[in-house]
file run37.pdb (PDB, C-alpha atoms)
MODEL        1
ATOM      1  CA  MET L  61     -16.977 184.076  63.339
ATOM      2  CA  ALA L  62     -19.905 181.927  64.381
ATOM      3  CA  ASP L  63     -20.718 181.640  68.096
ATOM      4  CA  ILE L  64     -19.708 178.445  69.815
ATOM      5  CA  ARG L  65     -22.572 177.192  71.979
ATOM      6  CA  LEU L  66     -22.957 174.332  74.420
ATOM      7  CA  ILE L  67     -26.412 172.805  74.171
ATOM      8  CA  GLU L  68     -27.606 170.541  76.965
ATOM      9  CA  ILE L  69     -29.464 167.514  75.606
ATOM     10  CA  LYS L  70     -29.728 164.807  78.278
ATOM     11  CA  GLU L  71     -31.573 162.451  75.924
ATOM     12  CA  ASP L  72     -31.454 158.694  76.189
ATOM     13  CA  ILE L  73     -29.407 157.322  73.265
ATOM     14  CA  LEU L  74     -31.960 154.623  72.555
ATOM     15  CA  SER L  75     -35.013 156.869  72.995
ATOM     16  CA  ASP L  76     -36.328 156.170  69.462
ATOM     17  CA  ASN L  77     -36.187 152.429  70.091
ATOM     18  CA  LYS L  78     -37.876 152.847  73.472
ATOM     19  CA  ASN L  79     -40.675 154.943  71.954
ATOM     20  CA  LEU L  80     -41.319 152.323  69.271
ATOM     21  CA  ALA L  81     -41.224 149.569  71.913
ATOM     22  CA  ASP L  82     -43.925 151.456  73.852
ATOM     23  CA  GLU L  83     -45.981 151.740  70.643
ATOM     24  CA  ILE L  84     -45.639 147.997  70.166
ATOM     25  CA  ARG L  85     -46.981 147.423  73.667
ATOM     26  CA  ASP L  86     -49.936 149.732  72.847
ATOM     27  CA  MET L  87     -50.589 147.723  69.684
ATOM     28  CA  LEU L  88     -50.460 144.402  71.568
ATOM     29  CA  ARG L  89     -52.855 145.840  74.161
ATOM     30  CA  VAL L  90     -55.497 146.331  71.446
ATOM     31  CA  HIS L  91     -55.476 142.576  70.746
ATOM     32  CA  ASN L  92     -54.737 141.503  74.327
ATOM     33  CA  VAL L  93     -51.548 139.692  73.258
ATOM     34  CA  PHE L  94     -48.770 139.034  75.794
ATOM     35  CA  MET L  95     -45.218 139.069  74.419
ATOM     36  CA  LEU L  96     -42.126 137.463  75.959
ATOM     37  CA  ASN L  97     -38.536 138.129  74.887
ATOM     38  CA  LEU L  98     -36.311 135.055  75.358
ATOM     39  CA  MET L  99     -32.529 135.486  75.393
ATOM     40  CA  ALA L 100     -29.535 133.191  75.916
ATOM     41  CA  SER L 101     -26.169 132.155  74.513
ATOM     42  CA  PRO L 102     -26.106 130.045  71.352
ATOM     43  CA  GLY L 103     -26.932 126.466  72.410
ATOM     44  CA  GLY L 104     -28.332 127.545  75.777
ATOM     45  CA  GLY L 105     -31.709 125.985  75.013
ATOM     46  CA  LYS L 106     -33.968 128.742  73.655
ATOM     47  CA  THR L 107     -35.572 126.646  70.932
ATOM     48  CA  SER L 108     -35.899 123.629  73.256
ATOM     49  CA  LEU L 109     -37.623 125.741  75.882
ATOM     50  CA  ILE L 110     -39.967 127.211  73.284
ATOM     51  CA  VAL L 111     -40.851 123.735  71.966
ATOM     52  CA  ASN L 112     -41.464 122.516  75.548
ATOM     53  CA  THR L 113     -43.661 125.559  76.197
ATOM     54  CA  ILE L 114     -45.679 124.997  73.029
ATOM     55  CA  ARG L 115     -46.281 121.309  73.815
ATOM     56  CA  ARG L 116     -47.584 122.097  77.294
ATOM     57  CA  MET L 117     -49.547 125.267  76.568
ATOM     58  CA  LYS L 118     -50.904 125.108  73.022
ATOM     59  CA  ASP L 119     -54.214 123.533  74.048
ATOM     60  CA  THR L 120     -55.077 126.459  76.289
ATOM     61  CA  CYS L 121     -53.281 129.303  74.587
ATOM     62  CA  ARG L 122     -52.797 130.467  70.958
ATOM     63  CA  ILE L 123     -49.061 130.912  70.487
ATOM     64  CA  GLY L 124     -46.961 132.572  67.796
ATOM     65  CA  VAL L 125     -43.165 132.726  67.627
ATOM     66  CA  ILE L 126     -40.786 135.323  66.170
ATOM     67  CA  GLU L 127     -37.525 133.665  65.211
ATOM     68  CA  GLY L 128     -34.573 136.033  65.255
ATOM     69  CA  ASP L 129     -31.776 133.609  65.898
ATOM     70  CA  ILE L 130     -29.667 133.800  62.762
ATOM     71  CA  ASP L 131     -30.717 133.594  59.164
ATOM     72  CA  SER L 132     -31.421 129.890  58.858
ATOM     73  CA  MET L 133     -34.813 128.222  58.978
ATOM     74  CA  VAL L 134     -33.622 125.520  61.430
ATOM     75  CA  ASP L 135     -35.347 126.943  64.514
ATOM     76  CA  ALA L 136     -38.459 128.194  62.693
ATOM     77  CA  GLU L 137     -39.007 124.704  61.229
ATOM     78  CA  LYS L 138     -38.953 123.098  64.687
ATOM     79  CA  VAL L 139     -41.680 125.501  65.811
ATOM     80  CA  VAL L 140     -43.802 125.050  62.694
ATOM     81  CA  GLN L 141     -43.586 121.269  63.169
ATOM     82  CA  GLU L 142     -45.418 121.794  66.474
ATOM     83  CA  GLY L 143     -48.282 123.392  64.519
ATOM     84  CA  ILE L 144     -47.484 126.940  65.589
ATOM     85  CA  PRO L 145     -47.096 129.974  63.295
ATOM     86  CA  ALA L 146     -43.555 131.329  63.194
ATOM     87  CA  VAL L 147     -42.072 134.382  61.495
ATOM     88  CA  GLN L 148     -38.374 134.119  60.650
ATOM     89  CA  LEU L 149     -36.652 137.502  60.671
ATOM     90  CA  LYS L 150     -33.903 137.982  58.121
ATOM     91  CA  THR L 151     -31.361 139.668  60.360
ATOM     92  CA  GLY L 152     -28.314 138.963  58.212
ATOM     93  CA  GLY L 153     -25.983 138.164  61.077
ATOM     94  CA  PHE L 154     -27.024 141.105  63.223
ATOM     95  CA  CYS L 155     -26.153 140.803  66.902
ATOM     96  CA  HIS L 156     -29.467 141.717  68.532
ATOM     97  CA  LEU L 157     -33.145 142.353  67.812
ATOM     98  CA  ASP L 158     -34.680 145.790  68.268
ATOM     99  CA  ALA L 159     -38.173 147.258  68.253
ATOM    100  CA  THR L 160     -38.078 148.022  64.504
ATOM    101  CA  MET L 161     -37.425 144.378  63.647
ATOM    102  CA  ILE L 162     -40.073 143.101  66.059
ATOM    103  CA  LYS L 163     -42.641 145.534  64.639
ATOM    104  CA  MET L 164     -41.911 144.166  61.142
ATOM    105  CA  ALA L 165     -42.460 140.608  62.379
ATOM    106  CA  LEU L 166     -45.662 141.474  64.254
ATOM    107  CA  ASP L 167     -47.049 143.084  61.084
ATOM    108  CA  GLU L 168     -46.842 139.604  59.500
ATOM    109  CA  MET L 169     -48.774 137.929  62.322
ATOM    110  CA  ASP L 170     -52.512 137.519  62.866
ATOM    111  CA  LEU L 171     -52.558 139.182  66.299
ATOM    112  CA  LYS L 172     -56.333 138.996  66.789
ATOM    113  CA  ASN L 173     -55.978 135.215  66.806
ATOM    114  CA  LEU L 174     -53.050 134.993  69.218
ATOM    115  CA  ASP L 175     -52.721 135.118  73.015
ATOM    116  CA  LEU L 176     -48.944 134.790  73.375
ATOM    117  CA  VAL L 177     -45.980 135.764  71.176
ATOM    118  CA  ILE L 178     -42.527 134.474  72.085
ATOM    119  CA  ILE L 179     -39.457 136.171  70.613
ATOM    120  CA  GLU L 180     -36.458 133.897  70.193
ATOM    121  CA  ASN L 181     -33.720 136.540  70.318
ATOM    122  CA  ILE L 182     -30.253 136.225  68.806
ATOM    123  CA  GLY L 183     -27.936 133.828  70.671
ATOM    124  CA  ASN L 184     -25.811 136.422  72.490
ATOM    125  CA  LEU L 185     -25.419 137.531  76.121
ATOM    126  CA  VAL L 186     -24.186 141.042  75.302
ATOM    127  CA  CYS L 187     -26.164 143.089  72.793
ATOM    128  CA  PRO L 188     -29.785 141.893  73.175
ATOM    129  CA  ALA L 189     -29.798 143.179  76.773
ATOM    130  CA  GLU L 190     -29.615 146.811  75.614
ATOM    131  CA  PHE L 191     -32.621 146.841  73.298
ATOM    132  CA  ASP L 192     -36.272 146.986  74.373
ATOM    133  CA  THR L 193     -38.158 144.730  71.938
ATOM    134  CA  GLY L 194     -41.623 145.860  73.006
ATOM    135  CA  ALA L 195     -42.073 142.658  75.036
ATOM    136  CA  HIS L 196     -43.904 142.690  78.365
ATOM    137  CA  LYS L 197     -41.365 140.463  80.123
ATOM    138  CA  ASN L 198     -37.757 139.432  79.498
ATOM    139  CA  ALA L 199     -36.574 135.878  80.118
ATOM    140  CA  MET L 200     -33.103 134.422  79.850
ATOM    141  CA  ILE L 201     -31.566 130.974  79.970
ATOM    142  CA  LEU L 202     -28.197 130.156  81.495
ATOM    143  CA  SER L 203     -27.198 126.547  80.915
ATOM    144  CA  VAL L 204     -25.106 124.658  83.481
ATOM    145  CA  PRO L 205     -22.201 123.851  81.098
ATOM    146  CA  GLU L 206     -21.704 127.610  80.500
ATOM    147  CA  GLY L 207     -20.509 128.085  84.066
ATOM    148  CA  ASP L 208     -21.598 129.935  87.202
ATOM    149  CA  ASP L 209     -19.437 133.019  86.533
ATOM    150  CA  LYS L 210     -21.571 134.392  83.704
ATOM    151  CA  PRO L 211     -23.286 137.025  85.921
ATOM    152  CA  LEU L 212     -19.791 138.476  86.525
ATOM    153  CA  LYS L 213     -18.954 138.579  82.823
ATOM    154  CA  TYR L 214     -22.333 139.693  81.459
ATOM    155  CA  PRO L 215     -24.033 141.615  84.270
ATOM    156  CA  LEU L 216     -26.348 143.693  82.077
ATOM    157  CA  ILE L 217     -28.447 140.836  80.728
ATOM    158  CA  PHE L 218     -28.961 139.383  84.218
ATOM    159  CA  SER L 219     -30.052 142.804  85.435
ATOM    160  CA  VAL L 220     -32.772 143.327  82.793
ATOM    161  CA  CYS L 221     -34.537 139.959  82.993
ATOM    162  CA  ASP L 222     -37.669 139.094  84.964
ATOM    163  CA  ILE L 223     -36.844 135.388  85.048
ATOM    164  CA  LEU L 224     -33.718 133.253  84.746
ATOM    165  CA  VAL L 225     -34.083 129.621  83.726
ATOM    166  CA  VAL L 226     -31.009 127.596  84.679
ATOM    167  CA  ASN L 227     -31.183 124.887  82.008
ATOM    168  CA  LYS L 228     -29.389 121.546  81.627
ATOM    169  CA  ILE L 229     -29.437 120.789  85.353
ATOM    170  CA  ASP L 230     -28.985 117.186  84.296
ATOM    171  CA  TYR L 231     -25.316 118.228  83.888
ATOM    172  CA  LEU L 232     -24.916 119.294  87.535
ATOM    173  CA  GLY L 233     -23.124 116.120  88.515
ATOM    174  CA  VAL L 234     -20.551 116.506  85.721
ATOM    175  CA  ALA L 235     -20.067 120.245  85.237
ATOM    176  CA  ASP L 236     -18.230 122.546  87.630
ATOM    177  CA  PHE L 237     -21.253 124.697  88.515
ATOM    178  CA  ASP L 238     -21.987 126.139  91.960
ATOM    179  CA  MET L 239     -25.709 126.999  91.930
ATOM    180  CA  SER L 240     -25.602 128.854  95.233
ATOM    181  CA  ALA L 241     -22.612 130.995  94.143
ATOM    182  CA  MET L 242     -24.334 131.773  90.836
ATOM    183  CA  LYS L 243     -27.520 132.926  92.618
ATOM    184  CA  LYS L 244     -25.496 135.126  95.004
ATOM    185  CA  ARG L 245     -24.022 136.839  91.942
ATOM    186  CA  VAL L 246     -27.394 137.399  90.278
ATOM    187  CA  ILE L 247     -29.498 138.606  93.226
ATOM    188  CA  PRO L 248     -27.565 141.852  93.914
ATOM    189  CA  LEU L 249     -27.877 142.713  90.209
ATOM    190  CA  ASN L 250     -31.594 141.996  90.187
ATOM    191  CA  PRO L 251     -33.246 141.337  93.561
ATOM    192  CA  GLY L 252     -36.693 140.789  92.008
ATOM    193  CA  ILE L 253     -35.640 138.118  89.513
ATOM    194  CA  THR L 254     -37.325 134.689  89.581
ATOM    195  CA  ILE L 255     -34.844 131.815  89.227
ATOM    196  CA  ILE L 256     -35.982 128.365  88.048
ATOM    197  CA  GLU L 257     -33.792 125.260  87.746
ATOM    198  CA  ALA L 258     -34.796 123.073  84.818
ATOM    199  CA  SER L 259     -33.872 120.600  82.140
ATOM    200  CA  CYS L 260     -35.547 120.795  78.733
ATOM    201  CA  LYS L 261     -34.221 117.280  78.121
ATOM    202  CA  THR L 262     -35.669 115.516  81.179
ATOM    203  CA  GLY L 263     -38.620 117.913  81.658
ATOM    204  CA  GLU L 264     -37.655 118.728  85.245
ATOM    205  CA  GLY L 265     -38.681 122.254  86.281
ATOM    206  CA  ILE L 266     -40.543 122.979  83.036
ATOM    207  CA  GLU L 267     -43.897 123.028  84.820
ATOM    208  CA  LYS L 268     -42.606 125.810  87.107
ATOM    209  CA  TRP L 269     -41.668 127.730  83.963
ATOM    210  CA  THR L 270     -45.069 127.319  82.282
ATOM    211  CA  ARG L 271     -46.813 128.202  85.544
ATOM    212  CA  TRP L 272     -44.777 131.422  85.781
ATOM    213  CA  LEU L 273     -45.615 132.252  82.180
ATOM    214  CA  ALA L 274     -49.330 131.516  82.631
ATOM    215  CA  ASP L 275     -49.409 133.682  85.800
ATOM    216  CA  GLU L 276     -47.744 136.579  83.966
ATOM    217  CA  MET L 277     -50.229 136.270  81.101
ATOM    218  CA  ASN L 278     -53.180 136.229  83.516
ATOM    219  CA  THR L 279     -51.918 139.316  85.320
ATOM    220  CA  TYR L 280     -51.512 141.094  81.990
ATOM    221  CA  GLN L 281     -54.951 140.109  80.707
ATOM    222  CA  ARG L 282     -56.657 141.061  83.987
ATOM    223  CA  ALA L 283     -55.158 144.538  83.699
ATOM    224  CA  VAL L 284     -56.805 145.019  80.298
ATOM    225  CA  THR L 285     -60.361 143.906  81.123
TER     226      THR L 285
ATOM    227  CA  MET G1488     -20.446 144.848  69.243
ATOM    228  CA  HIS G1489     -23.634 146.815  68.832
ATOM    229  CA  GLU G1490     -21.803 150.145  68.679
ATOM    230  CA  LEU G1491     -23.030 150.634  65.082
ATOM    231  CA  SER G1492     -26.746 150.684  66.052
ATOM    232  CA  VAL G1493     -25.991 152.903  69.011
ATOM    233  CA  THR G1494     -23.947 155.310  66.871
ATOM    234  CA  GLU G1495     -26.753 155.608  64.323
ATOM    235  CA  SER G1496     -29.072 156.642  67.167
ATOM    236  CA  ILE G1497     -26.541 159.149  68.484
ATOM    237  CA  LEU G1498     -26.173 160.772  65.065
ATOM    238  CA  SER G1499     -29.925 160.996  64.583
ATOM    239  CA  ILE G1500     -30.494 162.665  67.965
ATOM    240  CA  VAL G1501     -27.541 165.035  67.528
ATOM    241  CA  LEU G1502     -28.700 166.193  64.078
ATOM    242  CA  LYS G1503     -32.237 166.712  65.371
ATOM    243  CA  HIS G1504     -31.046 169.008  68.171
ATOM    244  CA  ALA G1505     -28.488 170.733  65.952
ATOM    245  CA  GLN G1506     -31.263 171.563  63.507
ATOM    246  CA  THR G1507     -33.517 172.890  66.290
ATOM    247  CA  HIS G1508     -30.721 175.223  67.370
ATOM    248  CA  LYS G1509     -29.885 176.213  63.779
ATOM    249  CA  ALA G1510     -26.324 174.976  64.040
ATOM    250  CA  GLU G1511     -23.910 175.222  61.132
ATOM    251  CA  LYS G1512     -21.550 172.653  62.565
ATOM    252  CA  VAL G1513     -21.435 170.169  65.433
ATOM    253  CA  LEU G1514     -17.997 170.319  67.015
ATOM    254  CA  ALA G1515     -18.233 167.945  69.964
ATOM    255  CA  ILE G1516     -20.609 165.445  71.561
ATOM    256  CA  ASN G1517     -20.479 164.411  75.230
ATOM    257  CA  LEU G1518     -21.973 161.058  76.139
ATOM    258  CA  LYS G1519     -22.633 159.540  79.541
ATOM    259  CA  ILE G1520     -22.492 155.751  79.469
ATOM    260  CA  GLY G1521     -22.546 153.528  82.545
ATOM    261  CA  GLU G1522     -20.032 150.733  82.863
ATOM    262  CA  LEU G1523     -22.800 148.139  82.835
ATOM    263  CA  SER G1524     -23.158 148.805  79.092
ATOM    264  CA  GLU G1525     -19.626 147.796  78.122
ATOM    265  CA  LEU G1526     -19.580 149.924  74.975
ATOM    266  CA  VAL G1527     -16.201 150.803  73.499
ATOM    267  CA  GLY G1528     -15.746 154.580  73.076
ATOM    268  CA  ASP G1529     -13.167 154.250  70.271
ATOM    269  CA  CYS G1530     -15.569 152.113  68.240
ATOM    270  CA  ILE G1531     -18.280 154.736  68.619
ATOM    271  CA  GLN G1532     -15.934 157.456  67.324
ATOM    272  CA  GLN G1533     -14.907 155.310  64.349
ATOM    273  CA  TYR G1534     -18.476 154.475  63.390
ATOM    274  CA  PHE G1535     -19.518 158.082  63.930
ATOM    275  CA  ASP G1536     -16.758 159.389  61.649
ATOM    276  CA  TYR G1537     -18.064 157.081  58.942
ATOM    277  CA  LEU G1538     -21.794 157.662  59.415
ATOM    278  CA  SER G1539     -21.572 161.445  59.781
ATOM    279  CA  LYS G1540     -19.799 162.076  56.471
ATOM    280  CA  GLY G1541     -21.602 164.773  54.521
ATOM    281  CA  THR G1542     -23.601 165.968  57.538
ATOM    282  CA  ILE G1543     -22.943 168.993  59.764
ATOM    283  CA  ALA G1544     -21.735 166.574  62.439
ATOM    284  CA  GLU G1545     -18.838 165.341  60.322
ATOM    285  CA  GLY G1546     -15.605 165.664  62.293
ATOM    286  CA  ALA G1547     -17.300 166.033  65.688
ATOM    287  CA  ILE G1548     -15.216 164.713  68.567
ATOM    288  CA  ILE G1549     -17.001 162.260  70.831
ATOM    289  CA  ASP G1550     -16.151 162.189  74.514
ATOM    290  CA  VAL G1551     -17.537 159.392  76.678
ATOM    291  CA  GLU G1552     -17.883 159.959  80.403
ATOM    292  CA  THR G1553     -18.310 156.562  82.026
ATOM    293  CA  SER G1554     -20.172 156.223  85.268
ATOM    294  CA  PRO G1555     -19.024 153.531  87.679
ATOM    295  CA  ILE G1556     -21.194 150.659  88.857
ATOM    296  CA  ILE G1557     -22.340 151.551  92.353
ATOM    297  CA  PHE G1558     -24.734 149.557  94.504
ATOM    298  CA  GLN G1559     -26.525 150.543  97.679
ATOM    299  CA  CYS G1560     -27.020 147.712 100.158
ATOM    300  CA  LYS G1561     -30.695 147.371 101.140
ATOM    301  CA  GLU G1562     -29.753 145.880 104.470
ATOM    302  CA  CYS G1563     -27.235 148.374 105.841
ATOM    303  CA  ALA G1564     -27.480 151.267 103.327
ATOM    304  CA  HIS G1565     -23.737 151.125 102.609
ATOM    305  CA  THR G1566     -22.828 152.197  99.055
ATOM    306  CA  PHE G1567     -20.066 150.349  97.266
ATOM    307  CA  GLU G1568     -18.451 150.403  93.846
ATOM    308  CA  VAL G1569     -18.029 147.205  91.892
ATOM    309  CA  SER G1570     -15.557 146.302  89.197
ATOM    310  CA  PHE G1571     -16.831 143.282  87.338
ATOM    311  CA  LYS G1572     -13.379 142.324  86.200
ATOM    312  CA  ASP G1573     -12.088 142.095  89.778
ATOM    313  CA  SER G1574     -15.110 140.940  91.772
ATOM    314  CA  LYS G1575     -15.962 137.364  92.610
ATOM    315  CA  ASP G1576     -19.377 138.318  93.946
ATOM    316  CA  PHE G1577     -21.474 141.399  94.648
ATOM    317  CA  ALA G1578     -22.191 140.983  98.330
ATOM    318  CA  CYS G1579     -22.052 144.131 100.471
ATOM    319  CA  PRO G1580     -18.453 144.438 101.713
ATOM    320  CA  ARG G1581     -19.720 145.737 105.057
ATOM    321  CA  CYS G1582     -22.521 143.346 106.032
ATOM    322  CA  LYS G1583     -22.221 140.628 103.356
ATOM    323  CA  GLY G1584     -25.880 141.170 102.400
ATOM    324  CA  ILE G1585     -26.857 140.339  98.824
ATOM    325  CA  LYS G1586     -29.896 142.574  98.472
ATOM    326  CA  SER G1587     -28.806 145.793  96.780
ATOM    327  CA  SER G1588     -30.079 148.371  94.369
ATOM    328  CA  LEU G1589     -28.064 149.779  91.524
ATOM    329  CA  ILE G1590     -27.618 153.531  91.917
ATOM    330  CA  SER G1591     -25.112 154.157  89.144
ATOM    331  CA  GLY G1592     -23.838 152.338  86.084
ATOM    332  CA  ARG G1593     -26.857 152.084  83.821
ATOM    333  CA  GLU G1594     -26.736 155.599  82.320
ATOM    334  CA  PHE G1595     -26.952 155.787  78.542
ATOM    335  CA  TYR G1596     -27.511 159.302  77.284
ATOM    336  CA  ILE G1597     -26.197 162.235  75.296
ATOM    337  CA  LYS G1598     -25.236 164.917  77.828
ATOM    338  CA  ASP G1599     -24.616 167.863  75.532
ATOM    339  CA  ILE G1600     -23.263 168.979  72.176
ATOM    340  CA  THR G1601     -21.022 171.897  71.221
ATOM    341  CA  ILE G1602     -22.174 173.669  68.064
ATOM    342  CA  SER G1603     -21.328 176.726  66.034
TER     343      SER G1603
ENDMDL
END
call {"tool": "encode", "arguments": {"input": "run37.pdb", "output": "structure tokens"}}
result
Amino acid sequence: MADIRLIEIKEDILSDNKNLADEIRDMLRVHNVFMLNLMASPGGGKTSLIVNTIRRMKDTCRIGVIEGDIDSMVDAEKVVQEGIPAVQLKTGGFCHLDATMIKMALDEMDLKNLDLVIIENIGNLVCPAEFDTGAHKNAMILSVPEGDDKPLKYPLIFSVCDILVVNKIDYLGVADFDMSAMKKRVIPLNPGITIIEASCKTGEGIEKWTRWLADEMNTYQRAVT
Amino acid sequence: MHELSVTESILSIVLKHAQTHKAEKVLAINLKIGELSELVGDCIQQYFDYLSKGTIAEGAIIDVETSPIIFQCKECAHTFEVSFKDSKDFACPRCKGIKSSLISGREFYIKDITIS
């Protein structure tokens, strides 16, 4: 009878994805390209924030976008209309993006002529939080109509992001949203997180967002040279 | 929801180690998954049963040990467990401080496998 043996492994379940994500960061380092992963619920404002970012930053920064949010060309077209290259991933209804998919998209992009790549992740507050895309920073949007209890329901995504943009603040008068209570729920999960209140519609707070992004890019580029 | 991707990774890692140890069969797999991940253990077993067909891991029983979400308050050093379904906020129950660090709940690894 064969021996029965217990073998200790203690290996991270997503170690392959993490290794590829690290390789992606090495590849981006060669071309000095900063990559941001943007996550939110469907309708939270990812595409709007990307379009706002492009309009304010494209004169000083060469931007490319990876569109992962569902298999239609709707979002990619909005980006292309702004004169920016976009790669639409064919994810076939998948619930998150991972390093393998991002690598495929980056292989289609002219990295030596880009400074910033923004990933528009799948509209979902659950799965994208688990998977390292190879980005340098993670950003998420929570929109006011979604409610201030989302950090209680989806703690993981709030814990992995470097910045939280609270979008649609033009709804604060109408929606039942307690900003202070929401922040008190997020800070214990992620004490270092930056929180910005904004409206892609009115433009309020967007300058704080682009300033944060430009600062992060500068820090990254200074580390290379 | 993303249990399928996760299960594919688990199978790949398990087969790699089983091969290294010249296993004929994988009988059991122990996972440690923190509650912050919200993965459903039954879904993982179902996907695993499907994906492992024809491999030496076919039929392996998956056991998931969940680790609770525990914070340590940075202001008074008190440690406290949190249940997201029951909590209205994550302030320290002792000093009401909101600066904490997570000391348990984010684990996501394969502990060990039983082979023959």
call {"tool": "closest_residue", "arguments": {"input": "run37.pdb", "among": "G:Thr1542, G:Val1527, G:Ser1496, G:Asn1517", "to": "chain L", "atoms": "only C-alpha atoms"}}
result
G:Ser1496
call {"tool": "resolve_selection", "arguments": {"input": "run37.pdb", "expression": "the ChimeraX specification (/G :<10) & /L", "output": "number ranges by chain"}}
result
L: 61-77, 154-156, 158, 186-191, 209, 211-217, 219, 241-252
call {"tool": "write_last_selection", "arguments": {"input": "run37.pdb", "atoms": "C-alpha atoms", "output": "PDB file, keeping the file's coordinate frame"}}
result
ATOM      1  CA  MET L  61     -16.977 184.076  63.339  1.00  0.00           C
ATOM      2  CA  ALA L  62     -19.905 181.927  64.381  1.00  0.00           C
ATOM      3  CA  ASP L  63     -20.718 181.640  68.096  1.00  0.00           C
ATOM      4  CA  ILE L  64     -19.708 178.445  69.815  1.00  0.00           C
ATOM      5  CA  ARG L  65     -22.572 177.192  71.979  1.00  0.00           C
ATOM      6  CA  LEU L  66     -22.957 174.332  74.420  1.00  0.00           C
ATOM      7  CA  ILE L  67     -26.412 172.805  74.171  1.00  0.00           C
ATOM      8  CA  GLU L  68     -27.606 170.541  76.965  1.00  0.00           C
ATOM      9  CA  ILE L  69     -29.464 167.514  75.606  1.00  0.00           C
ATOM     10  CA  LYS L  70     -29.728 164.807  78.278  1.00  0.00           C
ATOM     11  CA  GLU L  71     -31.573 162.451  75.924  1.00  0.00           C
ATOM     12  CA  ASP L  72     -31.454 158.694  76.189  1.00  0.00           C
ATOM     13  CA  ILE L  73     -29.407 157.322  73.265  1.00  0.00           C
ATOM     14  CA  LEU L  74     -31.960 154.623  72.555  1.00  0.00           C
ATOM     15  CA  SER L  75     -35.013 156.869  72.995  1.00  0.00           C
ATOM     16  CA  ASP L  76     -36.328 156.170  69.462  1.00  0.00           C
ATOM     17  CA  ASN L  77     -36.187 152.429  70.091  1.00  0.00           C
ATOM     18  CA  PHE L 154     -27.024 141.105  63.223  1.00  0.00           C
ATOM     19  CA  CYS L 155     -26.153 140.803  66.902  1.00  0.00           C
ATOM     20  CA  HIS L 156     -29.467 141.717  68.532  1.00  0.00           C
ATOM     21  CA  ASP L 158     -34.680 145.790  68.268  1.00  0.00           C
ATOM     22  CA  VAL L 186     -24.186 141.042  75.302  1.00  0.00           C
ATOM     23  CA  CYS L 187     -26.164 143.089  72.793  1.00  0.00           C
ATOM     24  CA  PRO L 188     -29.785 141.893  73.175  1.00  0.00           C
ATOM     25  CA  ALA L 189     -29.798 143.179  76.773  1.00  0.00           C
ATOM     26  CA  GLU L 190     -29.615 146.811  75.614  1.00  0.00           C
ATOM     27  CA  PHE L 191     -32.621 146.841  73.298  1.00  0.00           C
ATOM     28  CA  ASP L 209     -19.437 133.019  86.533  1.00  0.00           C
ATOM     29  CA  PRO L 211     -23.286 137.025  85.921  1.00  0.00           C
ATOM     30  CA  LEU L 212     -19.791 138.476  86.525  1.00  0.00           C
ATOM     31  CA  LYS L 213     -18.954 138.579  82.823  1.00  0.00           C
ATOM     32  CA  TYR L 214     -22.333 139.693  81.459  1.00  0.00           C
ATOM     33  CA  PRO L 215     -24.033 141.615  84.270  1.00  0.00           C
ATOM     34  CA  LEU L 216     -26.348 143.693  82.077  1.00  0.00           C
ATOM     35  CA  ILE L 217     -28.447 140.836  80.728  1.00  0.00           C
ATOM     36  CA  SER L 219     -30.052 142.804  85.435  1.00  0.00           C
ATOM     37  CA  ALA L 241     -22.612 130.995  94.143  1.00  0.00           C
ATOM     38  CA  MET L 242     -24.334 131.773  90.836  1.00  0.00           C
ATOM     39  CA  LYS L 243     -27.520 132.926  92.618  1.00  0.00           C
ATOM     40  CA  LYS L 244     -25.496 135.126  95.004  1.00  0.00           C
ATOM     41  CA  ARG L 245     -24.022 136.839  91.942  1.00  0.00           C
ATOM     42  CA  VAL L 246     -27.394 137.399  90.278  1.00  0.00           C
ATOM     43  CA  ILE L 247     -29.498 138.606  93.226  1.00  0.00           C
ATOM     44  CA  PRO L 248     -27.565 141.852  93.914  1.00  0.00           C
ATOM     45  CA  LEU L 249     -27.877 142.713  90.209  1.00  0.00           C
ATOM     46  CA  ASN L 250     -31.594 141.996  90.187  1.00  0.00           C
ATOM     47  CA  PRO L 251     -33.246 141.337  93.561  1.00  0.00           C
ATOM     48  CA  GLY L 252     -36.693 140.789  92.008  1.00  0.00           C
TER      49      GLY L 252
END
call {"tool": "resolve_selection", "arguments": {"input": "run37.pdb", "expression": "the PyMOL selection byres ((chain L and resi 166) around 10)", "output": "list in words"}}
result
Ile84, Met87, Leu88, Gly124, Val125, Ile126, Val147, Met161, Ile162, Lys163, Met164, Ala165, Asp167, Glu168, Met169, Asp170, Leu171 and Val177 of chain L
call {"tool": "resolve_selection", "arguments": {"input": "run37.pdb", "expression": "the PyMOL selection byres ((chain L and resi 108) around 10)", "output": "list of chain:residue names"}}
result
L:Gly103, L:Gly104, L:Gly105, L:Lys106, L:Thr107, L:Leu109, L:Ile110, L:Val111, L:Asn112, L:Thr113, L:Ile114, L:Asp135, L:Lys138, L:Val139, L:Ser259, L:Cys260, L:Lys261
call {"tool": "atom_distance", "arguments": {"input": "run37.pdb", "atom1": "CA of Cys221 (chain L)", "atom2": "CA of Ile255 (chain L)"}}
result
10.3 Å
call {"tool": "closest_residue", "arguments": {"input": "run37.pdb", "among": "G:Leu1491, G:Cys1530, G:Ile1590, G:Leu1538", "to": "Asp1550 (chain G)", "atoms": "all atoms listed in the file"}}
result
G:Cys1530
call {"tool": "residues_around", "arguments": {"input": "run37.pdb", "residues": "region 203-207 of chain L", "least_positions_apart": "5", "cutoff": "10 Å", "atoms": "all atoms listed in the file", "output": "NGL selection string"}}
result
:L and (100-101 or 103-105 or 225-232 or 234-239 or 242 or 257-259)
call {"tool": "atom_distance", "arguments": {"input": "run37.pdb", "atom1": "CA of Val93 (chain L)", "atom2": "CA of Met277 (chain L)"}}
result
8.7 Å
call {"tool": "atom_distance", "arguments": {"input": "run37.pdb", "atom1": "CA of Gly183 (chain L)", "atom2": "CA of Ile253 (chain L)"}}
result
20.8 Å
